[in-house]
file final.cif (mmCIF, C-alpha atoms; chains and numbers go by the auth columns)
data_my_file
loop_
_atom_site.group_PDB
_atom_site.id
_atom_site.type_symbol
_atom_site.label_atom_id
_atom_site.label_comp_id
_atom_site.label_asym_id
_atom_site.label_seq_id
_atom_site.Cartn_x
_atom_site.Cartn_y
_atom_site.Cartn_z
_atom_site.B_iso_or_equiv
_atom_site.auth_seq_id
_atom_site.auth_asym_id
ATOM 1 C CA MET A 1 -9.330 5.945 148.413 0.00 1 A
ATOM 2 C CA LEU A 2 -10.039 9.190 150.232 0.00 2 A
ATOM 3 C CA GLN A 3 -7.431 11.825 149.450 0.00 3 A
ATOM 4 C CA LYS A 4 -5.891 13.212 152.650 0.00 4 A
ATOM 5 C CA ILE A 5 -3.342 15.997 152.738 0.00 5 A
ATOM 6 C CA ILE A 6 -1.627 18.404 155.129 0.00 6 A
ATOM 7 C CA VAL A 7 -1.363 21.989 153.913 0.00 7 A
ATOM 8 C CA SER A 8 -0.229 25.392 155.108 0.00 8 A
ATOM 9 C CA ASN A 9 -2.595 27.268 157.390 0.00 9 A
ATOM 10 C CA CYS A 10 -1.742 30.404 155.379 0.00 10 A
ATOM 11 C CA ALA A 11 -3.393 29.220 152.164 0.00 11 A
ATOM 12 C CA SER A 12 -6.225 31.290 150.671 0.00 12 A
ATOM 13 C CA GLU A 13 -9.943 30.783 151.202 0.00 13 A
ATOM 14 C CA ASN A 14 -10.265 29.938 147.508 0.00 14 A
ATOM 15 C CA PHE A 15 -7.694 27.173 147.967 0.00 15 A
ATOM 16 C CA PHE A 16 -9.657 25.568 150.793 0.00 16 A
ATOM 17 C CA GLU A 17 -12.895 25.925 148.823 0.00 17 A
ATOM 18 C CA LEU A 18 -11.176 24.060 145.980 0.00 18 A
ATOM 19 C CA LEU A 19 -10.266 21.223 148.349 0.00 19 A
ATOM 20 C CA ASP A 20 -13.849 20.990 149.617 0.00 20 A
ATOM 21 C CA LYS A 21 -15.224 21.027 146.081 0.00 21 A
ATOM 22 C CA ASN A 22 -12.938 18.120 145.127 0.00 22 A
ATOM 23 C CA SER A 23 -13.688 16.155 148.335 0.00 23 A
ATOM 24 C CA ILE A 24 -10.078 16.314 149.483 0.00 24 A
ATOM 25 C CA CYS A 25 -9.718 15.772 153.236 0.00 25 A
ATOM 26 C CA TYR A 26 -7.151 18.063 154.814 0.00 26 A
ATOM 27 C CA ILE A 27 -5.701 19.410 158.013 0.00 27 A
ATOM 28 C CA LYS A 28 -4.092 22.835 158.286 0.00 28 A
ATOM 29 C CA SER A 29 -0.527 23.040 159.526 0.00 29 A
ATOM 30 C CA LEU A 30 0.395 24.177 163.002 0.00 30 A
ATOM 31 C CA ASN A 31 3.159 26.787 163.091 0.00 31 A
ATOM 32 C CA ASN A 32 6.363 25.232 164.387 0.00 32 A
ATOM 33 C CA GLU A 33 8.032 27.801 166.627 0.00 33 A
ATOM 34 C CA LYS A 34 11.434 26.137 166.142 0.00 34 A
ATOM 35 C CA PHE A 35 11.542 27.486 162.605 0.00 35 A
ATOM 36 C CA ASN A 36 11.820 30.915 161.001 0.00 36 A
ATOM 37 C CA ASN A 37 8.632 32.952 161.463 0.00 37 A
ATOM 38 C CA ASN A 38 8.491 33.686 157.723 0.00 38 A
ATOM 39 C CA TYR A 39 7.820 30.037 156.931 0.00 39 A
ATOM 40 C CA ASN A 40 7.111 28.100 160.126 0.00 40 A
ATOM 41 C CA ASP A 41 3.708 27.181 158.663 0.00 41 A
ATOM 42 C CA HIS A 42 5.438 25.126 155.941 0.00 42 A
ATOM 43 C CA ILE A 43 4.499 21.523 156.580 0.00 43 A
ATOM 44 C CA ASP A 44 7.455 19.979 154.720 0.00 44 A
ATOM 45 C CA LEU A 45 9.765 21.239 157.471 0.00 45 A
ATOM 46 C CA SER A 46 7.783 19.468 160.208 0.00 46 A
ATOM 47 C CA ILE A 47 6.639 16.240 158.549 0.00 47 A
ATOM 48 C CA LEU A 48 8.234 13.673 156.233 0.00 48 A
ATOM 49 C CA ARG A 49 6.373 10.627 155.005 0.00 49 A
ATOM 50 C CA ILE A 50 8.390 7.595 153.926 0.00 50 A
ATOM 51 C CA ASP A 51 5.931 4.929 152.776 0.00 51 A
ATOM 52 C CA ASN A 52 4.030 3.859 155.931 0.00 52 A
ATOM 53 C CA ASP A 53 6.318 5.738 158.321 0.00 53 A
ATOM 54 C CA ILE A 54 5.723 9.392 159.106 0.00 54 A
ATOM 55 C CA TYR A 55 8.414 11.404 160.845 0.00 55 A
ATOM 56 C CA ILE A 56 7.030 14.339 162.830 0.00 56 A
ATOM 57 C CA GLU A 57 8.958 17.110 164.542 0.00 57 A
ATOM 58 C CA ASN A 58 8.274 16.599 168.233 0.00 58 A
ATOM 59 C CA SER A 59 7.082 20.167 168.899 0.00 59 A
ATOM 60 C CA VAL A 60 3.987 19.556 166.762 0.00 60 A
ATOM 61 C CA PHE A 61 3.566 15.798 167.233 0.00 61 A
ATOM 62 C CA GLU A 62 0.476 15.971 169.439 0.00 62 A
ATOM 63 C CA TYR A 63 -1.345 18.196 166.959 0.00 63 A
ATOM 64 C CA TYR A 64 -1.022 15.756 164.044 0.00 64 A
ATOM 65 C CA LYS A 65 -1.079 12.336 165.686 0.00 65 A
ATOM 66 C CA ASP A 66 -4.832 11.670 165.414 0.00 66 A
ATOM 67 C CA PHE A 67 -5.008 12.760 161.768 0.00 67 A
ATOM 68 C CA LEU A 68 -2.110 10.398 161.015 0.00 68 A
ATOM 69 C CA LYS A 69 -3.160 7.501 163.242 0.00 69 A
ATOM 70 C CA ASP A 70 -3.176 4.990 160.359 0.00 70 A
ATOM 71 C CA TYR A 71 0.614 5.305 160.028 0.00 71 A
ATOM 72 C CA ASN A 72 3.669 4.445 162.063 0.00 72 A
ATOM 73 C CA LEU A 73 4.527 7.770 163.686 0.00 73 A
ATOM 74 C CA ILE A 74 8.083 8.627 164.682 0.00 74 A
ATOM 75 C CA LYS A 75 9.081 11.702 166.688 0.00 75 A
ATOM 76 C CA VAL A 76 12.080 13.717 165.585 0.00 76 A
ATOM 77 C CA ASP A 77 13.709 16.487 167.627 0.00 77 A
ATOM 78 C CA VAL A 78 15.331 18.766 165.064 0.00 78 A
ATOM 79 C CA SER A 79 17.089 20.639 167.868 0.00 79 A
ATOM 80 C CA ASP A 80 19.661 17.834 167.790 0.00 80 A
ATOM 81 C CA PHE A 81 20.862 18.954 164.351 0.00 81 A
ATOM 82 C CA LYS A 82 22.939 21.891 163.142 0.00 82 A
ATOM 83 C CA ASN A 83 20.242 23.030 160.720 0.00 83 A
ATOM 84 C CA GLY A 84 17.016 21.461 161.936 0.00 84 A
ATOM 85 C CA GLU A 85 14.967 22.996 159.134 0.00 85 A
ATOM 86 C CA THR A 86 16.515 20.606 156.587 0.00 86 A
ATOM 87 C CA VAL A 87 16.156 17.317 158.489 0.00 87 A
ATOM 88 C CA LEU A 88 12.697 16.420 157.162 0.00 88 A
ATOM 89 C CA ASN A 89 12.846 18.442 153.939 0.00 89 A
ATOM 90 C CA VAL A 90 13.709 15.538 151.641 0.00 90 A
ATOM 91 C CA ALA A 91 12.614 15.316 147.993 0.00 91 A
ATOM 92 C CA LYS A 92 11.713 11.914 146.583 0.00 92 A
ATOM 93 C CA ASN A 93 9.729 9.840 144.147 0.00 93 A
ATOM 94 C CA ASP A 94 9.360 6.069 143.922 0.00 94 A
ATOM 95 C CA LYS A 95 12.820 5.563 142.427 0.00 95 A
ATOM 96 C CA TYR A 96 15.089 8.230 143.954 0.00 96 A
ATOM 97 C CA PHE A 97 15.517 10.398 146.987 0.00 97 A
ATOM 98 C CA PHE A 98 17.363 13.701 146.746 0.00 98 A
ATOM 99 C CA HIS A 99 19.173 15.186 149.717 0.00 99 A
ATOM 100 C CA ASN A 100 22.514 15.401 151.439 0.00 100 A
ATOM 101 C CA GLU A 101 22.996 12.827 154.174 0.00 101 A
ATOM 102 C CA LYS A 102 24.711 15.366 156.430 0.00 102 A
ATOM 103 C CA PHE A 103 21.453 17.358 156.594 0.00 103 A
ATOM 104 C CA THR A 104 19.265 14.572 157.992 0.00 104 A
ATOM 105 C CA SER A 105 19.336 11.756 160.525 0.00 105 A
ATOM 106 C CA LYS A 106 20.950 8.378 159.975 0.00 106 A
ATOM 107 C CA GLU A 107 17.603 6.680 160.634 0.00 107 A
ATOM 108 C CA ILE A 108 15.794 8.723 157.987 0.00 108 A
ATOM 109 C CA PHE A 109 18.580 8.261 155.467 0.00 109 A
ATOM 110 C CA GLU A 110 18.632 4.484 155.952 0.00 110 A
ATOM 111 C CA SER A 111 14.838 4.271 155.717 0.00 111 A
ATOM 112 C CA LEU A 112 14.820 6.143 152.418 0.00 112 A
ATOM 113 C CA ASN A 113 17.716 4.073 151.108 0.00 113 A
ATOM 114 C CA LEU A 114 15.819 0.803 151.553 0.00 114 A
ATOM 115 C CA LYS A 115 13.618 1.286 148.483 0.00 115 A
ATOM 116 C CA ARG A 116 15.126 4.277 146.670 0.00 116 A
ATOM 117 C CA GLU A 117 18.406 5.223 145.084 0.00 117 A
ATOM 118 C CA TYR A 118 20.233 8.050 146.826 0.00 118 A
ATOM 119 C CA VAL A 119 21.086 11.081 144.704 0.00 119 A
ATOM 120 C CA LYS A 120 23.318 13.470 146.617 0.00 120 A
ATOM 121 C CA ILE A 121 22.726 17.175 146.156 0.00 121 A
ATOM 122 C CA ASN A 122 24.109 20.160 148.050 0.00 122 A
ATOM 123 C CA GLN A 123 20.737 21.809 148.649 0.00 123 A
ATOM 124 C CA GLY A 124 19.525 21.125 152.183 0.00 124 A
ATOM 125 C CA TYR A 125 16.004 22.376 151.405 0.00 125 A
ATOM 126 C CA SER A 126 15.525 19.605 148.862 0.00 126 A
ATOM 127 C CA ASN A 127 11.748 19.301 148.879 0.00 127 A
ATOM 128 C CA CYS A 128 11.367 23.082 148.705 0.00 128 A
ATOM 129 C CA SER A 129 13.415 23.118 145.515 0.00 129 A
ATOM 130 C CA MET A 130 11.892 20.261 143.502 0.00 130 A
ATOM 131 C CA ILE A 131 8.699 18.793 142.062 0.00 131 A
ATOM 132 C CA CYS A 132 9.252 15.052 141.766 0.00 132 A
ATOM 133 C CA PHE A 133 7.143 13.365 139.112 0.00 133 A
ATOM 134 C CA LYS A 134 7.569 9.638 138.459 0.00 134 A
ATOM 135 C CA ASN A 135 9.877 10.149 135.500 0.00 135 A
ATOM 136 C CA HIS A 136 10.758 13.841 135.559 0.00 136 A
ATOM 137 C CA ILE A 137 12.061 16.352 138.058 0.00 137 A
ATOM 138 C CA ILE A 138 11.367 20.079 137.934 0.00 138 A
ATOM 139 C CA THR A 139 13.673 22.288 139.991 0.00 139 A
ATOM 140 C CA SER A 140 14.251 25.997 140.545 0.00 140 A
ATOM 141 C CA ASP A 141 17.765 25.385 141.904 0.00 141 A
ATOM 142 C CA GLU A 142 20.626 25.560 139.389 0.00 142 A
ATOM 143 C CA GLY A 143 22.906 23.414 141.554 0.00 143 A
ATOM 144 C CA VAL A 144 20.276 20.679 141.782 0.00 144 A
ATOM 145 C CA PHE A 145 19.691 20.913 138.034 0.00 145 A
ATOM 146 C CA LYS A 146 23.396 20.406 137.278 0.00 146 A
ATOM 147 C CA SER A 147 23.697 17.506 139.722 0.00 147 A
ATOM 148 C CA LEU A 148 20.747 15.653 138.222 0.00 148 A
ATOM 149 C CA LYS A 149 21.783 16.385 134.645 0.00 149 A
ATOM 150 C CA SER A 150 25.192 14.843 135.356 0.00 150 A
ATOM 151 C CA LYS A 151 23.410 11.630 136.397 0.00 151 A
ATOM 152 C CA ASN A 152 21.207 11.558 133.277 0.00 152 A
ATOM 153 C CA ILE A 153 18.010 12.118 135.272 0.00 153 A
ATOM 154 C CA ASN A 154 15.199 13.834 133.363 0.00 154 A
ATOM 155 C CA VAL A 155 15.209 17.310 134.873 0.00 155 A
ATOM 156 C CA GLU A 156 13.887 20.723 133.899 0.00 156 A
ATOM 157 C CA LEU A 157 15.111 24.049 135.295 0.00 157 A
ATOM 158 C CA VAL A 158 12.535 26.752 136.030 0.00 158 A
ATOM 159 C CA THR A 159 12.832 30.284 137.366 0.00 159 A
ATOM 160 C CA THR A 160 12.273 31.456 140.921 0.00 160 A
ATOM 161 C CA ASP A 161 10.965 34.773 139.537 0.00 161 A
ATOM 162 C CA GLY A 162 7.311 35.280 140.358 0.00 162 A
ATOM 163 C CA ILE A 163 7.198 32.731 143.189 0.00 163 A
ATOM 164 C CA ILE A 164 6.061 34.630 146.285 0.00 164 A
ATOM 165 C CA LEU A 165 7.607 33.689 149.642 0.00 165 A
ATOM 166 C CA ASN A 166 6.934 35.758 152.726 0.00 166 A
ATOM 167 C CA GLY A 167 9.975 37.826 153.693 0.00 167 A
ATOM 168 C CA TYR A 168 12.044 36.956 150.616 0.00 168 A
ATOM 169 C CA LYS A 169 12.547 38.153 147.047 0.00 169 A
ATOM 170 C CA ASN A 170 11.504 34.785 145.606 0.00 170 A
ATOM 171 C CA GLY A 171 10.313 31.383 146.725 0.00 171 A
ATOM 172 C CA PHE A 172 11.006 27.882 145.433 0.00 172 A
ATOM 173 C CA ILE A 173 9.032 25.712 143.045 0.00 173 A
ATOM 174 C CA GLY A 174 8.695 22.692 145.350 0.00 174 A
ATOM 175 C CA GLY A 175 7.005 24.821 147.977 0.00 175 A
ATOM 176 C CA THR A 176 4.182 25.823 145.640 0.00 176 A
ATOM 177 C CA CYS A 177 2.512 22.420 145.373 0.00 177 A
ATOM 178 C CA GLY A 178 2.223 18.726 146.119 0.00 178 A
ATOM 179 C CA PHE A 179 0.665 15.568 144.694 0.00 179 A
ATOM 180 C CA VAL A 180 -2.740 14.638 146.089 0.00 180 A
ATOM 181 C CA SER A 181 -2.838 11.428 144.050 0.00 181 A
ATOM 182 C CA ASP A 182 -0.727 9.656 141.445 0.00 182 A
ATOM 183 C CA ASP A 183 -2.343 11.723 138.718 0.00 183 A
ATOM 184 C CA THR A 184 -3.137 15.083 140.373 0.00 184 A
ATOM 185 C CA LEU A 185 -0.719 17.866 141.286 0.00 185 A
ATOM 186 C CA LEU A 186 -2.205 20.555 143.528 0.00 186 A
ATOM 187 C CA PHE A 187 -0.895 24.141 143.642 0.00 187 A
ATOM 188 C CA TYR A 188 -1.587 26.767 146.305 0.00 188 A
ATOM 189 C CA GLY A 189 -1.892 29.501 143.685 0.00 189 A
ATOM 190 C CA ASP A 190 -2.694 30.089 140.048 0.00 190 A
ATOM 191 C CA VAL A 191 0.142 28.316 138.265 0.00 191 A
ATOM 192 C CA THR A 192 -0.924 29.768 134.904 0.00 192 A
ATOM 193 C CA LYS A 193 0.416 33.129 136.156 0.00 193 A
ATOM 194 C CA TYR A 194 3.890 31.650 136.490 0.00 194 A
ATOM 195 C CA GLN A 195 6.523 32.475 133.872 0.00 195 A
ATOM 196 C CA ASP A 196 7.482 28.815 133.333 0.00 196 A
ATOM 197 C CA TYR A 197 3.974 27.386 133.431 0.00 197 A
ATOM 198 C CA ASP A 198 4.519 25.960 129.954 0.00 198 A
ATOM 199 C CA ILE A 199 7.307 23.715 131.268 0.00 199 A
ATOM 200 C CA ILE A 200 5.183 22.467 134.148 0.00 200 A
ATOM 201 C CA LYS A 201 2.214 21.854 131.840 0.00 201 A
ATOM 202 C CA ARG A 202 4.340 19.968 129.309 0.00 202 A
ATOM 203 C CA VAL A 203 5.880 17.697 131.946 0.00 203 A
ATOM 204 C CA ALA A 204 2.496 17.115 133.598 0.00 204 A
ATOM 205 C CA ASP A 205 0.974 16.159 130.239 0.00 205 A
ATOM 206 C CA GLU A 206 3.839 13.750 129.535 0.00 206 A
ATOM 207 C CA GLU A 207 3.286 12.166 132.956 0.00 207 A
ATOM 208 C CA ASN A 208 -0.532 12.077 132.545 0.00 208 A
ATOM 209 C CA VAL A 209 -0.895 14.309 135.591 0.00 209 A
ATOM 210 C CA LYS A 210 -3.743 16.772 136.047 0.00 210 A
ATOM 211 C CA ILE A 211 -2.941 20.209 137.479 0.00 211 A
ATOM 212 C CA LEU A 212 -5.337 21.529 140.132 0.00 212 A
ATOM 213 C CA PHE A 213 -5.198 25.130 141.389 0.00 213 A
ATOM 214 C CA PRO A 214 -7.370 28.008 142.635 0.00 214 A
ATOM 215 C CA LYS A 215 -7.848 30.434 139.775 0.00 215 A
ATOM 216 C CA GLY A 216 -6.716 34.016 140.205 0.00 216 A
ATOM 217 C CA GLU A 217 -4.651 33.475 143.355 0.00 217 A
ATOM 218 C CA ASP A 218 -1.032 34.635 143.717 0.00 218 A
ATOM 219 C CA PHE A 219 1.573 31.993 142.889 0.00 219 A
ATOM 220 C CA VAL A 220 2.919 31.365 146.385 0.00 220 A
ATOM 221 C CA ASP A 221 5.436 29.153 148.136 0.00 221 A
ATOM 222 C CA LEU A 222 3.765 27.864 151.317 0.00 222 A
ATOM 223 C CA GLY A 223 5.833 24.701 151.641 0.00 223 A
ATOM 224 C CA GLY A 224 5.421 21.385 149.866 0.00 224 A
ATOM 225 C CA ILE A 225 2.062 19.715 150.503 0.00 225 A
ATOM 226 C CA VAL A 226 2.248 16.411 152.401 0.00 226 A
ATOM 227 C CA SER A 227 -0.019 13.790 150.844 0.00 227 A
ATOM 228 C CA LEU A 228 -1.361 10.550 152.307 0.00 228 A
ATOM 229 C CA TRP A 229 -3.191 9.034 149.362 0.00 229 A
ATOM 230 C CA ARG A 230 -1.411 5.676 149.349 0.00 230 A
#

call {"tool": "encode", "arguments": {"input": "final.cif", "output": "structure tokens"}}
result
Amino acid sequence: MLQKIIVSNCASENFFELLDKNSICYIKSLNNEKFNNNYNDHIDLSILRIDNDIYIENSVFEYYKDFLKDYNLIKVDVSDFKNGETVLNVAKNDKYFFHNEKFTSKEIFESLNLKREYVKINQGYSNCSMICFKNHIITSDEGVFKSLKSKNINVELVTTDGIILNGYKNGFIGGTCGFVSDDTLLFYGDVTKYQDYDIIKRVADEENVKILFPKGEDFVDLGGIVSLWR
């Protein structure tokens, strides 16, 4: 199946060349003016895919609708929520979803809860803070790490040091990457430059996941990549 993804429009030329070389079909994000200018290009604030449903923030709906026409598209107006930036920023794998129900809509929560077990965490920016493999979680948030540890979920804690996020001292690990298939994890930057690369590599090897990245690029947080491979 053709790999299709949505990525930040701020990614490097080398990153897009890597996608072309690997025949990965992509669309660049449209800045969402409802969000902070430092990260309004981050696609995981504007789009959430739950199986065959894709929730899209209504300000950018028209831009994405043709690229996503094979899915059931649902508009969401994040202006209706206290912190709209967290509404669609949900972390998940096939077994669990990680969020706090007060940070999202009832409809989204119930949709996720149909096929996945809810794991409550205090971090509203859940997807920003986590890489969700099938059997392991990697997080750069100590609170998330403690919550998952207490539930006996396989979780590894990594540093935020060295993750570049525009306007901030450090970024978050979930915003550096995204799965483009069951067995390929794509990073915006050179993950081998990262202090805790050894942890990521070990977990990826245990999960039989290949790591794909543009060599030599800064290790940046540009928001979690949204993938449409299945």

call {"tool": "residues_near_point", "arguments": {"input": "final.cif", "point": "(-3.8, 23.8, 144.7)", "cutoff": "6 Å", "atoms": "all atoms listed in the file", "output": "PyMOL selection string"}}
result
chain A and resi 186-188+212-214

call {"tool": "resolve_selection", "arguments": {"input": "final.cif", "expression": "the PyMOL selection byres ((chain A and resi 159) around 10)", "output": "PyMOL selection string"}}
result
chain A and resi 139-142+157-158+160-163+170-173+194-196

call {"tool": "atom_distance", "arguments": {"input": "final.cif", "atom1": "atom CA of A:Asp190", "atom2": "atom CA of A:Phe35"}}
result
26.8 Å

call {"tool": "closest_residue", "arguments": {"input": "final.cif", "among": "A:His99, A:Ile131, A:Asp94, A:Leu228", "to": "A:Lys69", "atoms": "all atoms listed in the file"}}
result
A:Leu228

call {"tool": "resolve_selection", "arguments": {"input": "final.cif", "expression": "the PyMOL selection byres ((chain A and resi 11) around 9)", "output": "PyMOL selection string"}}
result
chain A and resi 7-10+12-16+28+188-189+220+222

call {"tool": "closest_residue", "arguments": {"input": "final.cif", "among": "A:Leu112, A:Ile153, A:Ile24, A:Ile74", "to": "A:Asp51", "atoms": "only C-alpha atoms"}}
result
A:Leu112

call {"tool": "axis_aligned_box", "arguments": {"input": "final.cif", "around": "stretch 185-189 of chain A", "padding_each_side": "3 Å", "output": "AutoDock Vina command-line options"}}
result
--center_x -1.5 --center_y 23.7 --center_z 143.8 --size_x 7.5 --size_y 17.6 --size_z 11.0

call {"tool": "atom_distance", "arguments": {"input": "final.cif", "atom1": "atom CA of A:Gly84", "atom2": "atom CA of A:Glu57"}}
result
9.5 Å

call {"tool": "resolve_selection", "arguments": {"input": "final.cif", "expression": "the PyMOL selection byres ((chain A and resi 177) around 7)", "output": "list in words"}}
result
Gly174, Gly175, Thr176, Gly178, Leu185, Leu186, Phe187, Tyr188, Gly224 and Ile225 of chain A

call {"tool": "closest_residue", "arguments": {"input": "final.cif", "among": "A:Ser150, A:Ser105, A:Asn89, A:Asn52", "to": "A:Ser126", "atoms": "only C-alpha atoms"}}
result
A:Asn89

call {"tool": "closest_residue", "arguments": {"input": "final.cif", "among": "A:Lys75, A:Lys115, A:Lys169, A:His136", "to": "A:Val203", "atoms": "only C-alpha atoms"}}
result
A:His136

call {"tool": "closest_residue", "arguments": {"input": "final.cif", "among": "A:Lys34, A:His42, A:Lys149, A:Lys193", "to": "A:Val226", "atoms": "all atoms listed in the file"}}
result
A:His42

call {"tool": "closest_residue", "arguments": {"input": "final.cif", "among": "A:Asn152, A:Asn36, A:Ser147, A:Ser181", "to": "A:Asn100", "atoms": "only C-alpha atoms"}}
result
A:Ser147

call {"tool": "atom_distance", "arguments": {"input": "final.cif", "atom1": "atom CA of A:Asp182", "atom2": "atom CA of A:Ser29"}}
result
22.5 Å

call {"tool": "residues_around", "arguments": {"input": "final.cif", "residues": "A:Glu85", "least_positions_apart": "6", "cutoff": "12 Å", "atoms": "only C-alpha atoms", "output": "NGL selection string"}}
result
:A and (32-36 or 39-40 or 42-48 or 57 or 76-79 or 103-104 or 124-128 or 223)

call {"tool": "residues_near_point", "arguments": {"input": "final.cif", "point": "(-7.4, 11.1, 160.2)", "cutoff": "12 Å", "atoms": "all atoms listed in the file", "output": "PyMOL selection string"}}
result
chain A and resi 2-6+25-27+63-71+228-229

call {"tool": "write_last_selection", "arguments": {"input": "final.cif", "atoms": "C-alpha atoms", "output": "mmCIF file, in the frame of the given file"}}
result
data_model
loop_
_atom_site.group_PDB
_atom_site.id
_atom_site.type_symbol
_atom_site.label_atom_id
_atom_site.label_comp_id
_atom_site.auth_asym_id
_atom_site.auth_seq_id
_atom_site.Cartn_x
_atom_site.Cartn_y
_atom_site.Cartn_z
ATOM 1 C CA LEU A 2 -10.039 9.190 150.232
ATOM 2 C CA GLN A 3 -7.431 11.825 149.450
ATOM 3 C CA LYS A 4 -5.891 13.212 152.650
ATOM 4 C CA ILE A 5 -3.342 15.997 152.738
ATOM 5 C CA ILE A 6 -1.627 18.404 155.129
ATOM 6 C CA CYS A 25 -9.718 15.772 153.236
ATOM 7 C CA TYR A 26 -7.151 18.063 154.814
ATOM 8 C CA ILE A 27 -5.701 19.410 158.013
ATOM 9 C CA TYR A 63 -1.345 18.196 166.959
ATOM 10 C CA TYR A 64 -1.022 15.756 164.044
ATOM 11 C CA LYS A 65 -1.079 12.336 165.686
ATOM 12 C CA ASP A 66 -4.832 11.670 165.414
ATOM 13 C CA PHE A 67 -5.008 12.760 161.768
ATOM 14 C CA LEU A 68 -2.110 10.398 161.015
ATOM 15 C CA LYS A 69 -3.160 7.501 163.242
ATOM 16 C CA ASP A 70 -3.176 4.990 160.359
ATOM 17 C CA TYR A 71 0.614 5.305 160.028
ATOM 18 C CA LEU A 228 -1.361 10.550 152.307
ATOM 19 C CA TRP A 229 -3.191 9.034 149.362
#

call {"tool": "build_atoms", "arguments": {"input": "final.cif", "residues": "stretch 68-73 of chain A", "atoms": "all heavy atoms", "output": "mmCIF file, keeping the file's coordinate frame"}}
result
data_model
loop_
_atom_site.group_PDB
_atom_site.id
_atom_site.type_symbol
_atom_site.label_atom_id
_atom_site.label_comp_id
_atom_site.auth_asym_id
_atom_site.auth_seq_id
_atom_site.Cartn_x
_atom_site.Cartn_y
_atom_site.Cartn_z
ATOM 1 N N LEU A 68 -3.046 11.329 161.648
ATOM 2 C CA LEU A 68 -2.110 10.398 161.015
ATOM 3 C C LEU A 68 -2.088 9.034 161.695
ATOM 4 O O LEU A 68 -1.132 8.272 161.552
ATOM 5 C CB LEU A 68 -0.699 11.007 161.050
ATOM 6 C CG LEU A 68 -0.547 12.360 160.364
ATOM 7 C CD1 LEU A 68 0.840 12.944 160.631
ATOM 8 C CD2 LEU A 68 -0.777 12.236 158.870
ATOM 9 N N LYS A 69 -3.151 8.698 162.400
ATOM 10 C CA LYS A 69 -3.160 7.501 163.242
ATOM 11 C C LYS A 69 -3.030 6.186 162.463
ATOM 12 O O LYS A 69 -2.712 5.149 163.051
ATOM 13 C CB LYS A 69 -4.428 7.476 164.086
ATOM 14 C CG LYS A 69 -5.725 7.423 163.278
ATOM 15 C CD LYS A 69 -6.920 7.536 164.200
ATOM 16 C CE LYS A 69 -8.224 7.550 163.397
ATOM 17 N NZ LYS A 69 -9.412 7.697 164.285
ATOM 18 N N ASP A 70 -3.270 6.210 161.156
ATOM 19 C CA ASP A 70 -3.176 4.990 160.359
ATOM 20 C C ASP A 70 -1.740 4.663 159.961
ATOM 21 O O ASP A 70 -1.494 3.669 159.273
ATOM 22 C CB ASP A 70 -4.020 5.118 159.089
ATOM 23 C CG ASP A 70 -5.508 5.218 159.388
ATOM 24 O OD1 ASP A 70 -5.933 4.675 160.430
ATOM 25 O OD2 ASP A 70 -6.239 5.839 158.601
ATOM 26 N N TYR A 71 -0.785 5.478 160.406
ATOM 27 C CA TYR A 71 0.614 5.305 160.028
ATOM 28 C C TYR A 71 1.481 5.054 161.256
ATOM 29 O O TYR A 71 1.061 5.261 162.391
ATOM 30 C CB TYR A 71 1.117 6.557 159.287
ATOM 31 C CG TYR A 71 0.392 6.803 157.994
ATOM 32 C CD1 TYR A 71 -0.816 7.496 157.972
ATOM 33 C CD2 TYR A 71 0.882 6.309 156.794
ATOM 34 C CE1 TYR A 71 -1.509 7.704 156.794
ATOM 35 C CE2 TYR A 71 0.201 6.514 155.603
ATOM 36 C CZ TYR A 71 -0.990 7.206 155.610
ATOM 37 O OH TYR A 71 -1.668 7.402 154.442
ATOM 38 N N ASN A 72 2.683 4.589 161.003
ATOM 39 C CA ASN A 72 3.669 4.445 162.063
ATOM 40 C C ASN A 72 4.324 5.799 162.287
ATOM 41 O O ASN A 72 5.039 6.297 161.414
ATOM 42 C CB ASN A 72 4.714 3.401 161.673
ATOM 43 C CG ASN A 72 5.775 3.230 162.732
ATOM 44 O OD1 ASN A 72 5.466 3.230 163.934
ATOM 45 N ND2 ASN A 72 7.020 3.102 162.319
ATOM 46 N N LEU A 73 4.078 6.415 163.422
ATOM 47 C CA LEU A 73 4.527 7.770 163.686
ATOM 48 C C LEU A 73 5.821 7.766 164.499
ATOM 49 O O LEU A 73 5.945 7.051 165.495
ATOM 50 C CB LEU A 73 3.448 8.550 164.431
ATOM 51 C CG LEU A 73 2.062 8.571 163.776
ATOM 52 C CD1 LEU A 73 1.105 9.436 164.587
ATOM 53 C CD2 LEU A 73 2.141 9.066 162.335
#
